[in-house]
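Novice: This is the content of final.txt (compact mmCIF, C-alpha atoms):
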# COMPACT_ATOMS: atom_id res chain seq x y z
CA MET M 29 -38.80 -109.43 -144.31
CA ASN M 30 -37.63 -106.05 -145.56
CA ALA M 31 -36.04 -103.31 -143.51
CA ASN M 32 -39.23 -101.26 -143.12
CA GLU M 33 -41.10 -104.24 -141.75
CA GLN M 34 -38.28 -105.06 -139.33
CA ASP M 35 -38.35 -101.43 -138.18
CA PHE M 36 -41.80 -102.09 -136.76
CA LEU M 37 -40.35 -104.05 -133.82
CA PRO M 38 -38.26 -101.25 -132.25
CA ILE M 39 -41.01 -98.73 -132.99
CA TRP M 40 -43.69 -100.84 -131.33
CA VAL M 41 -41.59 -101.86 -128.31
CA LYS M 42 -40.25 -98.36 -127.67
CA ALA M 43 -43.73 -96.89 -127.99
CA ASN M 44 -44.89 -99.30 -125.29
CA LEU M 45 -41.70 -99.44 -123.20
CA ASN M 46 -43.30 -98.02 -120.07
CA ARG M 47 -45.91 -100.78 -120.19
CA PHE M 48 -43.15 -103.38 -119.89
CA ARG M 49 -41.27 -101.71 -117.03
CA LEU M 50 -42.14 -103.28 -113.70
CA SER M 51 -41.51 -100.02 -111.85
CA ASN M 52 -44.52 -98.55 -113.66
CA GLN M 53 -46.89 -101.36 -112.74
CA GLU M 54 -49.26 -100.70 -109.88
CA SER M 55 -50.62 -104.24 -109.77
CA LEU M 56 -49.95 -106.21 -106.60
CA ASP M 57 -50.22 -109.38 -108.69
CA LEU M 58 -46.50 -109.92 -109.29
CA PHE M 59 -46.98 -112.65 -111.88
CA SER M 60 -49.41 -110.61 -114.01
CA ALA M 61 -47.22 -107.50 -113.79
CA ALA M 62 -44.11 -109.41 -114.89
CA LYS M 63 -45.78 -111.43 -117.65
CA PRO M 64 -45.48 -108.87 -120.50
CA LEU M 65 -41.81 -108.21 -119.70
CA GLY M 66 -41.08 -111.92 -119.49
CA GLU M 67 -42.64 -112.53 -122.90
CA LEU M 68 -40.77 -109.58 -124.43
CA CYS M 69 -37.47 -111.04 -123.17
CA LEU M 70 -38.43 -114.49 -124.51
CA VAL M 71 -39.15 -112.99 -127.94
CA LEU M 72 -35.82 -111.11 -127.99
CA ILE M 73 -34.01 -114.32 -127.04
CA GLY M 74 -35.84 -116.20 -129.80
CA ILE M 75 -34.90 -113.59 -132.42
CA LYS M 76 -31.28 -113.56 -131.23
CA ASN M 77 -31.01 -117.37 -131.16
CA CYS M 78 -32.42 -117.69 -134.69
CA GLY M 79 -29.46 -115.78 -136.06
CA ILE M 80 -30.96 -112.30 -136.42
CA SER M 81 -27.89 -110.17 -135.75
CA ASP M 82 -29.44 -106.72 -136.12
CA LEU M 83 -30.53 -106.14 -132.55
CA ASN M 84 -28.41 -103.04 -131.98
CA TRP M 85 -31.61 -101.03 -131.55
CA ALA M 86 -32.44 -103.16 -128.51
CA LYS M 87 -29.29 -102.37 -126.51
CA GLU M 88 -30.59 -99.11 -125.06
CA LEU M 89 -34.00 -100.64 -124.42
CA ILE M 90 -32.55 -103.71 -122.67
CA GLN M 91 -30.28 -101.50 -120.57
CA CYS M 92 -33.32 -99.47 -119.51
CA LEU M 93 -35.16 -102.63 -118.46
CA TRP M 94 -32.04 -103.86 -116.65
CA LEU M 95 -31.65 -100.65 -114.63
CA ASP M 96 -35.36 -100.70 -113.87
CA LEU M 97 -35.04 -104.14 -112.26
CA VAL M 98 -31.84 -103.15 -110.43
CA GLU M 99 -33.73 -100.22 -108.91
CA LEU M 100 -36.59 -102.50 -107.88
CA ASN M 101 -34.03 -104.65 -106.08
CA ARG M 102 -33.71 -101.82 -103.57
CA GLN M 103 -37.43 -101.77 -102.90
CA SER M 104 -39.94 -104.07 -101.26
CA TYR M 105 -40.72 -105.70 -104.61
CA TRP M 106 -38.08 -108.36 -104.12
CA THR M 107 -39.15 -109.21 -100.59
CA ARG M 108 -42.68 -109.79 -101.87
CA LEU M 109 -41.44 -111.71 -104.92
CA TRP M 110 -39.37 -114.23 -102.98
CA LYS M 111 -42.19 -114.67 -100.48
CA LYS M 112 -44.52 -115.53 -103.36
CA ILE M 113 -41.99 -117.95 -104.88
CA ASP M 114 -41.62 -119.72 -101.55
CA GLU M 115 -45.41 -120.06 -101.34
CA GLN M 116 -46.07 -121.28 -104.88
CA ASP M 117 -43.70 -122.71 -107.50
CA VAL M 118 -45.55 -121.11 -110.40
CA TYR M 119 -43.92 -117.83 -109.43
CA GLY M 120 -40.56 -119.44 -110.12
CA GLU M 121 -41.32 -118.95 -113.81
CA ILE M 122 -40.83 -115.21 -113.25
CA LEU M 123 -37.13 -115.93 -112.77
CA GLN M 124 -36.91 -116.84 -116.46
CA LEU M 125 -37.14 -113.18 -117.44
CA PHE M 126 -34.15 -112.22 -115.25
CA LEU M 127 -32.02 -115.00 -116.72
CA HIS M 128 -33.02 -113.97 -120.24
CA LEU M 129 -32.11 -110.36 -119.47
CA GLU M 130 -28.74 -111.57 -118.19
CA LEU M 131 -28.16 -113.39 -121.49
CA LEU M 132 -29.20 -110.32 -123.48
CA CYS M 133 -27.07 -107.89 -121.43
CA GLY M 134 -24.06 -110.08 -120.70
CA HIS M 135 -24.23 -109.13 -117.01
CA ARG M 136 -25.53 -110.77 -113.86
CA PHE M 137 -27.93 -109.40 -111.30
CA THR M 138 -26.60 -109.16 -107.76
CA PHE M 139 -29.32 -111.64 -106.75
CA HIS M 140 -28.20 -114.24 -109.35
CA LYS M 141 -27.01 -116.59 -106.59
CA GLN M 142 -30.43 -116.43 -104.95
CA ILE M 143 -32.03 -117.38 -108.29
CA ARG M 144 -29.51 -120.21 -108.81
CA ASP M 145 -30.00 -121.59 -105.31
CA TYR M 146 -33.77 -121.66 -105.74
CA LEU M 147 -33.61 -123.36 -109.17
CA GLN M 148 -31.05 -125.92 -108.00
CA GLY M 149 -33.48 -126.82 -105.24
CA VAL M 150 -36.47 -127.40 -107.55
CA SER M 151 -34.63 -129.00 -110.49
CA SER M 152 -34.43 -132.42 -108.81
CA ARG M 153 -38.15 -132.63 -108.10
CA PRO M 154 -39.91 -135.36 -110.09
CA SER M 155 -42.82 -133.19 -111.20
CA ILE M 156 -42.48 -129.52 -112.10
CA ALA M 157 -43.89 -127.45 -114.96
CA LEU M 158 -42.02 -127.64 -118.27
CA SER M 159 -41.50 -123.87 -118.26
CA LEU M 160 -39.79 -124.17 -114.87
CA ARG M 161 -37.61 -127.03 -116.16
CA TYR M 162 -36.57 -124.74 -119.01
CA THR M 163 -35.75 -122.01 -116.50
CA CYS M 164 -33.61 -124.49 -114.56
CA GLU M 165 -31.78 -125.38 -117.77
CA LEU M 166 -30.87 -121.72 -118.27
CA ILE M 167 -28.55 -122.03 -115.27
CA GLY M 168 -27.24 -125.45 -116.37
CA GLU M 169 -29.46 -127.57 -114.13
CA GLY M 170 -30.50 -130.52 -116.31
CA SER M 171 -32.18 -130.49 -119.71
CA CYS M 172 -35.86 -130.00 -120.42
CA GLU M 173 -35.69 -131.63 -123.89
CA ARG M 174 -36.85 -135.10 -122.76
CA TYR M 175 -39.78 -133.62 -120.88
CA ALA M 176 -40.70 -131.45 -123.88
CA LEU M 177 -40.68 -134.49 -126.18
CA GLU M 178 -42.85 -136.39 -123.69
CA GLU M 179 -45.40 -133.58 -123.69
CA ILE M 180 -45.35 -133.39 -127.51
CA GLY M 181 -45.81 -137.18 -127.67
CA GLU M 182 -48.79 -137.10 -125.32
CA LEU M 183 -50.53 -134.38 -127.34
CA LEU M 184 -49.86 -136.13 -130.67
CA SER M 185 -51.19 -139.40 -129.25
CA ARG M 186 -54.46 -137.67 -128.46
CA GLN M 187 -54.54 -136.34 -132.01
CA GLU M 188 -53.98 -139.86 -133.40
CA ARG M 189 -56.84 -141.19 -131.28
CA GLY M 190 -59.15 -138.76 -133.02
CA GLU M 191 -59.37 -136.27 -130.17
CA THR M 192 -59.54 -132.59 -131.02
CA LEU M 193 -56.67 -130.47 -129.74
CA TYR M 194 -58.11 -127.23 -128.43
CA SER M 195 -56.37 -123.86 -128.20
CA SER M 196 -54.98 -124.55 -124.73
CA ASP M 197 -53.55 -127.87 -125.97
CA LEU M 198 -51.98 -126.20 -129.00
CA TYR M 199 -50.35 -123.53 -126.86
CA ASP M 200 -48.94 -126.37 -124.72
CA LEU M 201 -47.63 -127.94 -127.95
CA THR M 202 -45.98 -124.77 -129.23
CA HIS M 203 -44.45 -124.02 -125.82
CA ALA M 204 -43.06 -127.56 -125.62
CA ILE M 205 -41.33 -126.91 -128.95
CA PHE M 206 -40.08 -123.51 -127.76
CA TYR M 207 -38.61 -124.91 -124.56
CA GLY M 208 -37.44 -128.22 -126.03
CA SER M 209 -35.40 -126.37 -128.65
CA LYS M 210 -34.19 -123.80 -126.09
CA MET M 211 -35.74 -121.10 -128.27
CA GLY M 212 -33.61 -122.05 -131.26
CA THR M 213 -30.26 -122.97 -129.70
CA ARG M 214 -30.89 -126.72 -129.92
CA SER M 215 -32.24 -128.95 -132.70
CA LEU M 216 -35.15 -130.77 -131.13
CA LYS M 217 -34.90 -134.50 -131.88
CA TRP M 218 -38.39 -134.95 -133.32
CA LYS M 219 -37.86 -136.43 -136.79
CA GLY M 220 -37.30 -140.04 -135.81
CA VAL M 221 -40.01 -139.99 -133.16
CA PHE M 222 -42.75 -137.68 -134.43
CA PRO M 223 -42.41 -137.35 -138.22
CA GLU M 224 -46.03 -136.18 -138.37
CA LEU M 225 -45.37 -133.11 -136.21
CA PRO M 226 -45.04 -130.53 -139.03
CA GLU M 227 -48.22 -131.86 -140.67
CA VAL M 228 -50.12 -131.45 -137.40
CA LEU M 229 -48.80 -127.91 -136.93
CA ASN M 230 -49.77 -126.97 -140.50
CA PHE M 231 -53.26 -128.46 -140.06
CA TYR M 232 -53.99 -126.41 -136.95
CA MET M 233 -52.34 -123.33 -138.45
CA GLN M 234 -54.83 -123.53 -141.32
CA ASN M 235 -57.67 -123.83 -138.79
CA SER M 236 -56.31 -120.82 -136.89
CA LEU M 237 -56.26 -118.70 -140.03
CA GLU M 238 -59.81 -119.70 -140.90
CA SER M 239 -60.99 -118.68 -137.43
CA SER M 240 -58.81 -115.51 -137.46
CA ASP M 241 -56.88 -116.67 -134.40
CA LEU M 242 -53.67 -114.99 -135.51
CA ASP M 243 -52.07 -115.23 -132.08
CA LEU M 244 -52.11 -119.03 -132.21
CA ALA M 245 -51.23 -119.04 -135.92
CA ALA M 246 -48.10 -116.99 -135.16
CA GLU M 247 -47.00 -119.40 -132.42
CA LEU M 248 -47.53 -122.38 -134.73
CA LEU M 249 -45.51 -120.66 -137.46
CA PHE M 250 -42.61 -119.97 -135.11
CA SER M 251 -42.75 -123.62 -134.05
CA LEU M 252 -42.18 -124.57 -137.70
CA VAL M 253 -39.28 -122.12 -137.82
CA LEU M 254 -37.70 -123.89 -134.84
CA LEU M 255 -38.26 -127.29 -136.51
CA LYS M 256 -36.79 -125.88 -139.77
CA THR M 257 -39.88 -127.02 -141.70
CA THR M 258 -41.42 -123.79 -143.03
CA GLN M 259 -41.57 -124.88 -146.69
CA SER M 260 -45.32 -125.27 -146.96
CA ARG M 261 -48.10 -123.34 -148.65
CA ILE M 262 -49.89 -122.71 -145.36
CA ALA M 263 -46.72 -121.43 -143.68
CA GLU M 264 -46.25 -118.89 -146.46
CA LYS M 265 -49.94 -117.97 -146.31
CA THR M 266 -49.69 -117.43 -142.56
CA TYR M 267 -46.57 -115.31 -142.99
CA GLN M 268 -48.36 -113.10 -145.52
CA ARG M 269 -51.46 -112.83 -143.33
CA LEU M 270 -49.40 -111.75 -140.32
CA LYS M 271 -47.64 -109.12 -142.43
CA GLU M 272 -51.01 -107.77 -143.55
CA ASN M 273 -52.10 -107.54 -139.92
CA ILE M 274 -49.47 -104.91 -139.14
CA GLN M 275 -50.69 -101.37 -139.60
CA PRO M 276 -49.12 -99.63 -142.60
CA ASP M 277 -48.29 -96.68 -140.34
CA LEU M 278 -45.16 -97.97 -138.62
CA ASN M 279 -45.34 -95.13 -136.09
CA SER M 280 -48.47 -96.67 -134.63
CA PRO M 281 -47.90 -98.76 -131.48
CA LEU M 282 -50.80 -101.08 -132.28
CA ILE M 283 -51.30 -104.20 -134.29
CA VAL M 284 -54.77 -104.49 -135.70
CA GLY M 285 -56.75 -107.20 -137.39
CA ASN M 286 -60.42 -107.96 -137.68
CA LEU M 287 -60.82 -108.06 -133.89
CA PHE M 288 -61.76 -104.98 -131.91
CA TYR M 289 -61.13 -104.63 -128.20
CA GLU M 290 -62.60 -102.43 -125.52
CA GLY M 291 -60.65 -101.12 -122.57
CA ASP M 292 -56.91 -101.56 -122.23
CA GLN M 293 -55.73 -102.48 -125.72
CA PHE M 294 -52.14 -103.08 -124.64
CA ASN M 295 -53.02 -105.90 -122.26
CA ARG M 296 -55.28 -107.43 -124.89
CA GLN M 297 -52.89 -107.06 -127.82
CA TYR M 298 -49.31 -107.20 -126.59
CA HIS M 299 -49.02 -110.99 -126.90
CA LEU M 300 -50.36 -110.93 -130.46
CA ALA M 301 -47.91 -108.14 -131.27
CA LEU M 302 -44.94 -110.00 -129.80
CA VAL M 303 -45.59 -113.40 -131.40
CA THR M 304 -46.36 -111.72 -134.74
CA ILE M 305 -43.08 -109.86 -134.60
CA LEU M 306 -41.22 -113.02 -133.53
CA SER M 307 -42.63 -115.05 -136.42
CA LEU M 308 -42.06 -112.37 -139.05
CA TYR M 309 -38.48 -111.71 -137.94
CA THR M 310 -37.45 -115.36 -137.96
CA MET M 311 -39.46 -116.74 -140.89
CA LYS M 312 -37.44 -115.00 -143.61
Please, can you express the file's structure as structure tokens?
Specialist:
Amino acid sequence: MNANEQDFLPIWVKANLNRFRLSNQESLDLFSAAKPLGELCLVLIGIKNCGISDLNWAKELIQCLWLDLVELNRQSYWTRLWKKIDEQDVYGEILQLFLHLELLCGHRFTFHKQIRDYLQGVSSRPSIALSLRYTCELIGEGSCERYALEEIGELLSRQERGETLYSSDLYDLTHAIFYGSKMGTRSLKWKGVFPELPEVLNFYMQNSLESSDLDLAAELLFSLVLLKTTQSRIAEKTYQRLKENIQPDLNSPLIVGNLFYEGDQFNRQYHLALVTILSLYTMK
């Protein structure tokens, strides 16, 4: 990826920065409001972990997001957040974004102990979501790799039985690879257990291209990056297609393809933008 293409990431993120800041969100749905920011932090962690050193542009941006959350700590947001977490574990996934920001900034939030105490309490439970197990691992509470491999194995078994893996299944598969590899900091032990995994990813990536589902295609491509198995014709084809999907005008905050959206384009397109950027940054 050349310098001009890499420049698209800071341009796009900075153009949409206010849409990621929680202090600008009016939604009372804490999980929905935090989702874009959480995914931005996950993408930045993925780029950093895959050895992309040129993230100097992100320092000011990350500091802005950090101060934004520090300010929210003084408001009722946190009281509502912890109440929600106590009511339903799914909200515990929100904590992932704070831990990622800590890793990106090299600092700790004043409420880090509260996060740690909560995660230590849930980490010993026999059944929790894989994303929450990954969040627990960020503070050193266990490893999610075994659980990720189990989920990958279950999905591949369905594939071997002739069942079709639908989009929701494939997102579960890519996320299992993301979390199992700790977003690139760990080599997932798949070769001796699931040698067919790259072939399955390539097969569904081809299907995604044919149906113009570039969001899923980008996640499948990044999964191959994490497995270090990107040397395939379809991986290169996907890479080129994602590059073509970026507007030539790098000052534009939008990513466009053959899909047209009505209403709030940011909420409809930000995930496609982020996973496209993640795949393009780490593929080459």
Novice: With a distance cut-off of 9 Å and all atoms listed in the file, select the neighbouring residues of region 87-93 of chain M, excluding the residue or stretch itself and same-chain residues fewer than 5 positions from it, and output the selection as a list in words.
Specialist: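 After dropping sequence-adjacent residues, the list is Pro38, Val41, Lys42, Leu45, Phe48, Arg49, Leu50, Leu65, Cys69, Val98, Leu129, Leu132 and Cys133 of chain M.
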Novice: Which of these, M:Asp145, M:Glu247, M:Arg136, M:Tyr309, has the shortest distance to Thr202 (chain M) once you count all atoms listed in the file?
Specialist: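 Residue with the minimum atom-to-atom distance to Thr202 (chain M): M:Glu247.
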Novice: In the coordinates of the file, take the point (-39.0, -132.3, -132.2) and a cut-off of 8 Å; then, counting all atoms listed in the file, name each qualifying protein, DNA or RNA residue as a PyMOL selection string.
Specialist: chain M and resi 177+180+205+208-209+215-219+221-222+225+255
Novice: Residues of the last selection are to be written out with C-alpha atoms, as a short mmCIF file (atom, residue, chain, number, x, y, z; two decimals), in the coordinates of the input.
Specialist:
data_model
loop_
_atom_site.label_atom_id
_atom_site.label_comp_id
_atom_site.auth_asym_id
_atom_site.auth_seq_id
_atom_site.Cartn_x
_atom_site.Cartn_y
_atom_site.Cartn_z
CA LEU M 177 -40.68 -134.49 -126.18
CA ILE M 180 -45.35 -133.39 -127.51
CA ILE M 205 -41.33 -126.91 -128.95
CA GLY M 208 -37.44 -128.22 -126.03
CA SER M 209 -35.40 -126.37 -128.65
CA SER M 215 -32.24 -128.95 -132.70
CA LEU M 216 -35.15 -130.77 -131.13
CA LYS M 217 -34.90 -134.50 -131.88
CA TRP M 218 -38.39 -134.95 -133.32
CA LYS M 219 -37.86 -136.43 -136.79
CA VAL M 221 -40.01 -139.99 -133.16
CA PHE M 222 -42.75 -137.68 -134.43
CA LEU M 225 -45.37 -133.11 -136.21
CA LEU M 255 -38.26 -127.29 -136.51
#
Novice: For Lys76 (chain M), work out the shell of residues within 12 Å, counting all atoms listed in the file and skipping chain neighbours fewer than 6 positions away, then give it as a list in words.
Specialist: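 These residues fall inside the cut-off: Cys69, Leu70, Asp82, Leu83, Asn84, Ala86, His128, Leu131, Leu132, Lys210, Met211, Gly212, Thr213, Leu306, Tyr309 and Thr310 of chain M.
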Novice: Just how far from CA of Leu201 (chain M) is CA of Leu184 (chain M), in Å to one decimal?
Specialist: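 That distance, rounded to one decimal, is 8.9 Å.
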Novice: Keeping just N, CA and C atoms, export region 182-207 of chain M of this structure as a PDB file, in the first residue's frame.
Specialist:
ATOM      1  N   GLU M 182     -16.091 -25.811  15.612  1.00  0.00           N
ATOM      2  CA  GLU M 182     -17.529 -26.054  15.485  1.00  0.00           C
ATOM      3  C   GLU M 182     -18.059 -25.561  14.141  1.00  0.00           C
ATOM      4  N   LEU M 183     -17.592 -24.380  13.718  1.00  0.00           N
ATOM      5  CA  LEU M 183     -18.043 -23.822  12.445  1.00  0.00           C
ATOM      6  C   LEU M 183     -17.512 -24.640  11.268  1.00  0.00           C
ATOM      7  N   LEU M 184     -16.251 -25.075  11.339  1.00  0.00           N
ATOM      8  CA  LEU M 184     -15.692 -25.881  10.258  1.00  0.00           C
ATOM      9  C   LEU M 184     -16.347 -27.254  10.179  1.00  0.00           C
ATOM     10  N   SER M 185     -16.755 -27.793  11.318  1.00  0.00           N
ATOM     11  CA  SER M 185     -17.459 -29.080  11.318  1.00  0.00           C
ATOM     12  C   SER M 185     -18.784 -28.967  10.577  1.00  0.00           C
ATOM     13  N   ARG M 186     -19.462 -27.861  10.758  1.00  0.00           N
ATOM     14  CA  ARG M 186     -20.712 -27.640  10.037  1.00  0.00           C
ATOM     15  C   ARG M 186     -20.453 -27.542   8.539  1.00  0.00           C
ATOM     16  N   GLN M 187     -19.351 -26.879   8.182  1.00  0.00           N
ATOM     17  CA  GLN M 187     -18.981 -26.779   6.777  1.00  0.00           C
ATOM     18  C   GLN M 187     -18.706 -28.162   6.188  1.00  0.00           C
ATOM     19  N   GLU M 188     -17.993 -29.011   6.931  1.00  0.00           N
ATOM     20  CA  GLU M 188     -17.668 -30.357   6.457  1.00  0.00           C
ATOM     21  C   GLU M 188     -18.908 -31.224   6.305  1.00  0.00           C
ATOM     22  N   ARG M 189     -19.931 -30.953   7.113  1.00  0.00           N
ATOM     23  CA  ARG M 189     -21.171 -31.721   7.018  1.00  0.00           C
ATOM     24  C   ARG M 189     -22.052 -31.261   5.861  1.00  0.00           C
ATOM     25  N   GLY M 190     -21.563 -30.284   5.118  1.00  0.00           N
ATOM     26  CA  GLY M 190     -22.312 -29.803   3.970  1.00  0.00           C
ATOM     27  C   GLY M 190     -23.251 -28.666   4.274  1.00  0.00           C
ATOM     28  N   GLU M 191     -23.202 -28.142   5.512  1.00  0.00           N
ATOM     29  CA  GLU M 191     -24.058 -27.015   5.865  1.00  0.00           C
ATOM     30  C   GLU M 191     -23.469 -25.719   5.295  1.00  0.00           C
ATOM     31  N   THR M 192     -24.328 -24.820   4.923  1.00  0.00           N
ATOM     32  CA  THR M 192     -23.880 -23.511   4.459  1.00  0.00           C
ATOM     33  C   THR M 192     -23.598 -22.611   5.657  1.00  0.00           C
ATOM     34  N   LEU M 193     -22.464 -21.948   5.633  1.00  0.00           N
ATOM     35  CA  LEU M 193     -22.166 -20.946   6.657  1.00  0.00           C
ATOM     36  C   LEU M 193     -22.677 -19.601   6.154  1.00  0.00           C
ATOM     37  N   TYR M 194     -23.591 -19.024   6.899  1.00  0.00           N
ATOM     38  CA  TYR M 194     -24.180 -17.751   6.500  1.00  0.00           C
ATOM     39  C   TYR M 194     -23.329 -16.592   7.029  1.00  0.00           C
ATOM     40  N   SER M 195     -23.722 -15.374   6.657  1.00  0.00           N
ATOM     41  CA  SER M 195     -22.918 -14.199   7.034  1.00  0.00           C
ATOM     42  C   SER M 195     -22.660 -14.131   8.531  1.00  0.00           C
ATOM     43  N   SER M 196     -23.691 -14.370   9.331  1.00  0.00           N
ATOM     44  CA  SER M 196     -23.512 -14.301  10.785  1.00  0.00           C
ATOM     45  C   SER M 196     -22.506 -15.344  11.259  1.00  0.00           C
ATOM     46  N   ASP M 197     -22.518 -16.531  10.650  1.00  0.00           N
ATOM     47  CA  ASP M 197     -21.543 -17.574  11.001  1.00  0.00           C
ATOM     48  C   ASP M 197     -20.130 -17.144  10.615  1.00  0.00           C
ATOM     49  N   LEU M 198     -20.011 -16.516   9.452  1.00  0.00           N
ATOM     50  CA  LEU M 198     -18.687 -16.119   8.971  1.00  0.00           C
ATOM     51  C   LEU M 198     -18.107 -14.978   9.798  1.00  0.00           C
ATOM     52  N   TYR M 199     -18.976 -14.086  10.268  1.00  0.00           N
ATOM     53  CA  TYR M 199     -18.487 -13.045  11.179  1.00  0.00           C
ATOM     54  C   TYR M 199     -18.038 -13.679  12.496  1.00  0.00           C
ATOM     55  N   ASP M 200     -18.753 -14.698  12.968  1.00  0.00           N
ATOM     56  CA  ASP M 200     -18.307 -15.421  14.164  1.00  0.00           C
ATOM     57  C   ASP M 200     -16.940 -16.058  13.919  1.00  0.00           C
ATOM     58  N   LEU M 201     -16.738 -16.589  12.703  1.00  0.00           N
ATOM     59  CA  LEU M 201     -15.461 -17.225  12.355  1.00  0.00           C
ATOM     60  C   LEU M 201     -14.323 -16.209  12.327  1.00  0.00           C
ATOM     61  N   THR M 202     -14.549 -15.074  11.666  1.00  0.00           N
ATOM     62  CA  THR M 202     -13.485 -14.069  11.597  1.00  0.00           C
ATOM     63  C   THR M 202     -13.171 -13.514  12.987  1.00  0.00           C
ATOM     64  N   HIS M 203     -14.209 -13.279  13.794  1.00  0.00           N
ATOM     65  CA  HIS M 203     -13.976 -12.735  15.134  1.00  0.00           C
ATOM     66  C   HIS M 203     -13.242 -13.744  16.017  1.00  0.00           C
ATOM     67  N   ALA M 204     -13.517 -15.030  15.829  1.00  0.00           N
ATOM     68  CA  ALA M 204     -12.782 -16.051  16.584  1.00  0.00           C
ATOM     69  C   ALA M 204     -11.295 -15.998  16.234  1.00  0.00           C
ATOM     70  N   ILE M 205     -10.993 -15.759  14.965  1.00  0.00           N
ATOM     71  CA  ILE M 205      -9.596 -15.629  14.544  1.00  0.00           C
ATOM     72  C   ILE M 205      -8.989 -14.344  15.107  1.00  0.00           C
ATOM     73  N   PHE M 206      -9.743 -13.255  15.071  1.00  0.00           N
ATOM     74  CA  PHE M 206      -9.252 -11.987  15.636  1.00  0.00           C
ATOM     75  C   PHE M 206      -8.876 -12.169  17.100  1.00  0.00           C
ATOM     76  N   TYR M 207      -9.834 -12.693  17.878  1.00  0.00           N
ATOM     77  CA  TYR M 207      -9.620 -12.808  19.318  1.00  0.00           C
ATOM     78  C   TYR M 207      -8.604 -13.899  19.643  1.00  0.00           C
TER      79      TYR M 207
END
